[in-house]
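K.L.:
The structure that follows is given in the form of structure tokens.
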Amino acid sequence: MESMFSSNRPGWAALLDEKVTAYLPDLKYIHDEPLARHTSFRIGGPATRMAFPTSGEQIVLLTGFAQECGVTPFLLGNGTNLLVADEGLDTLVIQTGEGLNRIALDGGIITADAGVSLARLGVFAWQHSLTGLEFAHGIPGSLGGGVVMNAGAYGGELKDVLTEVTALFPDGVRTLRGEELALGYRRSFFTDHPEAVVLRAKLALHGGDQEAIKARMEELSAKRRASQPLEMPSAGSTFKRPEGYFAGTLIEQCGLKGARVGGAEVSRKHAGFVVNAGSATCTDVLALIKKVQDTVFTATGVTLEPEVKIIR
């Protein structure tokens, strides 16, 4: 399995170590960190180097250092929509979910760092009697990842409230607004420009009744608990919704609930989820995804496209 992050430059890690020691001596910075510890699937081999910045300025420095050392860094938020290779990533992984977590409010406008969880954003909005983020409360991801994938659930999506995004590009920091964000179903400007790193975003909400907002959030949380396998490691919905169909329904109709490859299993609770039923590997999950795709296509003619991001 060839890695999109592998480097042909010998000694890049040692060179990066020198730069981090010299310019960011207080940064949390780990060698050979298992990525299974940082993904909701609990799958993934080691990152050769992993950094935990606490500011956008540190991200700018780290991405610059990595590029100077000949590697493409990988930005990791809360790791909730990822399937990482068993071999790990031979690069610098920059974890944003832990340190980039500031939220500010100005009127009905929330400005939040990329590492803020969508669940926390939903609670923040409720606490300030702002409506528009109720759908996000139960989505287990970060704002940065949510922006990239235009996260949504139960009829709501970030597209409804997102007004601008500040991101780091190879040529510097820029802010995108409105149509520039190209928000669509599970995609955005950033899905087509992986070189850009989301730093923060602004969301425009409206005043609402605090009790009604709380009730809606509790209603959606109950629906998730009843219908989704939240008790098992997964990356959320494994497949995008095919036009005119529901992926989970198609998979269930094909008799695939409970189907397994190694430790990977099609959830018995919701067929749209592939779960880690016990020591699953990336290889197991990929094989099960292919089995599901092939079976559904043969039976229905519908092509299922993965929603989970496969990182290798």
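Ligands are numbered from 1 in the order shown, chains are lettered A, B, ... in the order of the structure tokens, and residues start at 1 in each chain.
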Select from region 40-266 of chain A everything DSSP, run on the backbone, classes as strand (DSSP E or B), then give the selection as a PyMOL selection string.
P.N.:
chain A and resi 46-52+74-76+82-84+89-95+103-106+109-113+117+130-131+142+152-153+156-157+162-169+172-177+184+187+197-204+206-207+234+239+260-261+264-266
K.L.:
Excluding same-chain residues fewer than 4 positions from region 187-200 of chain A, what lies within 7 Å of it counting only C-alpha atoms, as a compact mmCIF listing (two decimals) with N, CA and C atoms, in the first residue's frame?
P.N.:
# COMPACT_ATOMS: atom_id res chain seq x y z
N GLY A 56 -2.69 28.82 15.70
CA GLY A 56 -2.54 28.82 14.26
C GLY A 56 -1.12 29.14 13.85
N ALA A 112 -14.88 30.14 15.86
CA ALA A 112 -14.31 29.00 16.58
C ALA A 112 -13.12 28.44 15.84
N ASP A 113 -12.15 27.95 16.63
CA ASP A 113 -10.98 27.28 16.06
C ASP A 113 -11.38 25.95 15.44
N ALA A 114 -10.53 25.48 14.52
CA ALA A 114 -10.82 24.24 13.80
C ALA A 114 -10.91 23.03 14.72
N GLY A 144 -13.14 21.79 12.05
CA GLY A 144 -12.31 21.76 10.85
C GLY A 144 -12.71 20.65 9.91
N VAL A 148 -14.67 20.78 6.08
CA VAL A 148 -14.17 20.11 4.88
C VAL A 148 -15.25 19.24 4.25
N MET A 149 -15.99 18.49 5.09
CA MET A 149 -16.98 17.55 4.60
C MET A 149 -18.41 18.12 4.61
N ASN A 150 -18.56 19.40 4.96
CA ASN A 150 -19.89 19.99 5.12
C ASN A 150 -20.77 19.04 5.94
N VAL A 165 -14.48 30.98 6.30
CA VAL A 165 -13.46 30.06 6.80
C VAL A 165 -12.09 30.65 6.54
N THR A 166 -11.26 30.68 7.57
CA THR A 166 -9.87 31.10 7.42
C THR A 166 -8.99 29.87 7.38
N ALA A 167 -8.14 29.80 6.36
CA ALA A 167 -7.33 28.61 6.15
C ALA A 167 -5.92 28.97 5.75
N LEU A 168 -5.01 28.03 6.01
CA LEU A 168 -3.61 28.18 5.63
C LEU A 168 -3.40 27.50 4.28
N PHE A 169 -2.91 28.27 3.30
CA PHE A 169 -2.57 27.76 1.99
C PHE A 169 -1.04 27.79 1.83
N LEU A 181 -16.77 28.93 -0.77
CA LEU A 181 -16.64 27.72 0.03
C LEU A 181 -17.14 26.48 -0.71
N ALA A 182 -17.93 26.67 -1.78
CA ALA A 182 -18.39 25.57 -2.64
C ALA A 182 -18.98 24.42 -1.83
N LEU A 183 -19.87 24.73 -0.91
CA LEU A 183 -20.43 23.73 -0.02
C LEU A 183 -21.51 22.92 -0.72
K.L.:
When you count only C-alpha atoms, which of these residues is closest to Thr295 (chain A): A:Leu121, A:Ile103, A:Met50, A:Ile251?
P.N.:
A:Ile251
K.L.:
Which parts of region 102-280 of chain A does DSSP call helix (DSSP H, G or I) when run on the backbone here, written out as an MDAnalysis selection string?
P.N.:
chainID A and resid 118:127 134:136 143:149 158:160 178:181 189:191 210:227 247:253
K.L.:
What's around Thr72 (chain A) at 8 Å? Count only C-alpha atoms, leave out sequence neighbours fewer than 2 positions away in its own chain, and write the answer as a list in words.
P.N.:
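The filter keeps Phe5, Thr63, Ala66, Gln67, Gly70, Phe74, Thr91 and Leu92 of chain A.
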K.L.:
Counting only C-alpha atoms, what is within 9 Å of Met217 (chain A), bar same-chain residues fewer than 2 positions away, as a ChimeraX atom specification?
P.N.:
/A:122-123,126,133-138,212-215,219-222
K.L.:
For C-alpha atoms, I'd like the residues from the last selection saved as a PDB file, in the first residue's frame.
P.N.:
ATOM      1  CA  GLY A 122     -23.872  22.856  19.753  1.00  0.00           C
ATOM      2  CA  VAL A 123     -23.797  23.180  23.532  1.00  0.00           C
ATOM      3  CA  TRP A 126     -27.679  26.397  23.260  1.00  0.00           C
ATOM      4  CA  LEU A 133     -26.641  24.072  15.380  1.00  0.00           C
ATOM      5  CA  GLU A 134     -28.959  21.594  17.075  1.00  0.00           C
ATOM      6  CA  PHE A 135     -28.170  19.001  14.380  1.00  0.00           C
ATOM      7  CA  ALA A 136     -24.437  19.240  15.129  1.00  0.00           C
ATOM      8  CA  HIS A 137     -24.619  18.373  18.804  1.00  0.00           C
ATOM      9  CA  GLY A 138     -24.278  14.620  18.270  1.00  0.00           C
ATOM     10  CA  ALA A 212     -36.824  24.503  22.710  1.00  0.00           C
ATOM     11  CA  ILE A 213     -33.215  24.306  21.535  1.00  0.00           C
ATOM     12  CA  LYS A 214     -32.333  21.936  24.366  1.00  0.00           C
ATOM     13  CA  ALA A 215     -35.392  19.776  23.670  1.00  0.00           C
ATOM     14  CA  GLU A 219     -34.547  14.510  20.719  1.00  0.00           C
ATOM     15  CA  LEU A 220     -31.798  14.083  18.129  1.00  0.00           C
ATOM     16  CA  SER A 221     -29.434  12.534  20.687  1.00  0.00           C
ATOM     17  CA  ALA A 222     -32.088   9.966  21.565  1.00  0.00           C
TER      18      ALA A 222
END
K.L.:
Return the single residue from A:Cys69, A:Leu82, A:Leu61, A:Val93 that is closest to Arg49 (chain A), with distances computed using only C-alpha atoms.
P.N.:
A:Val93
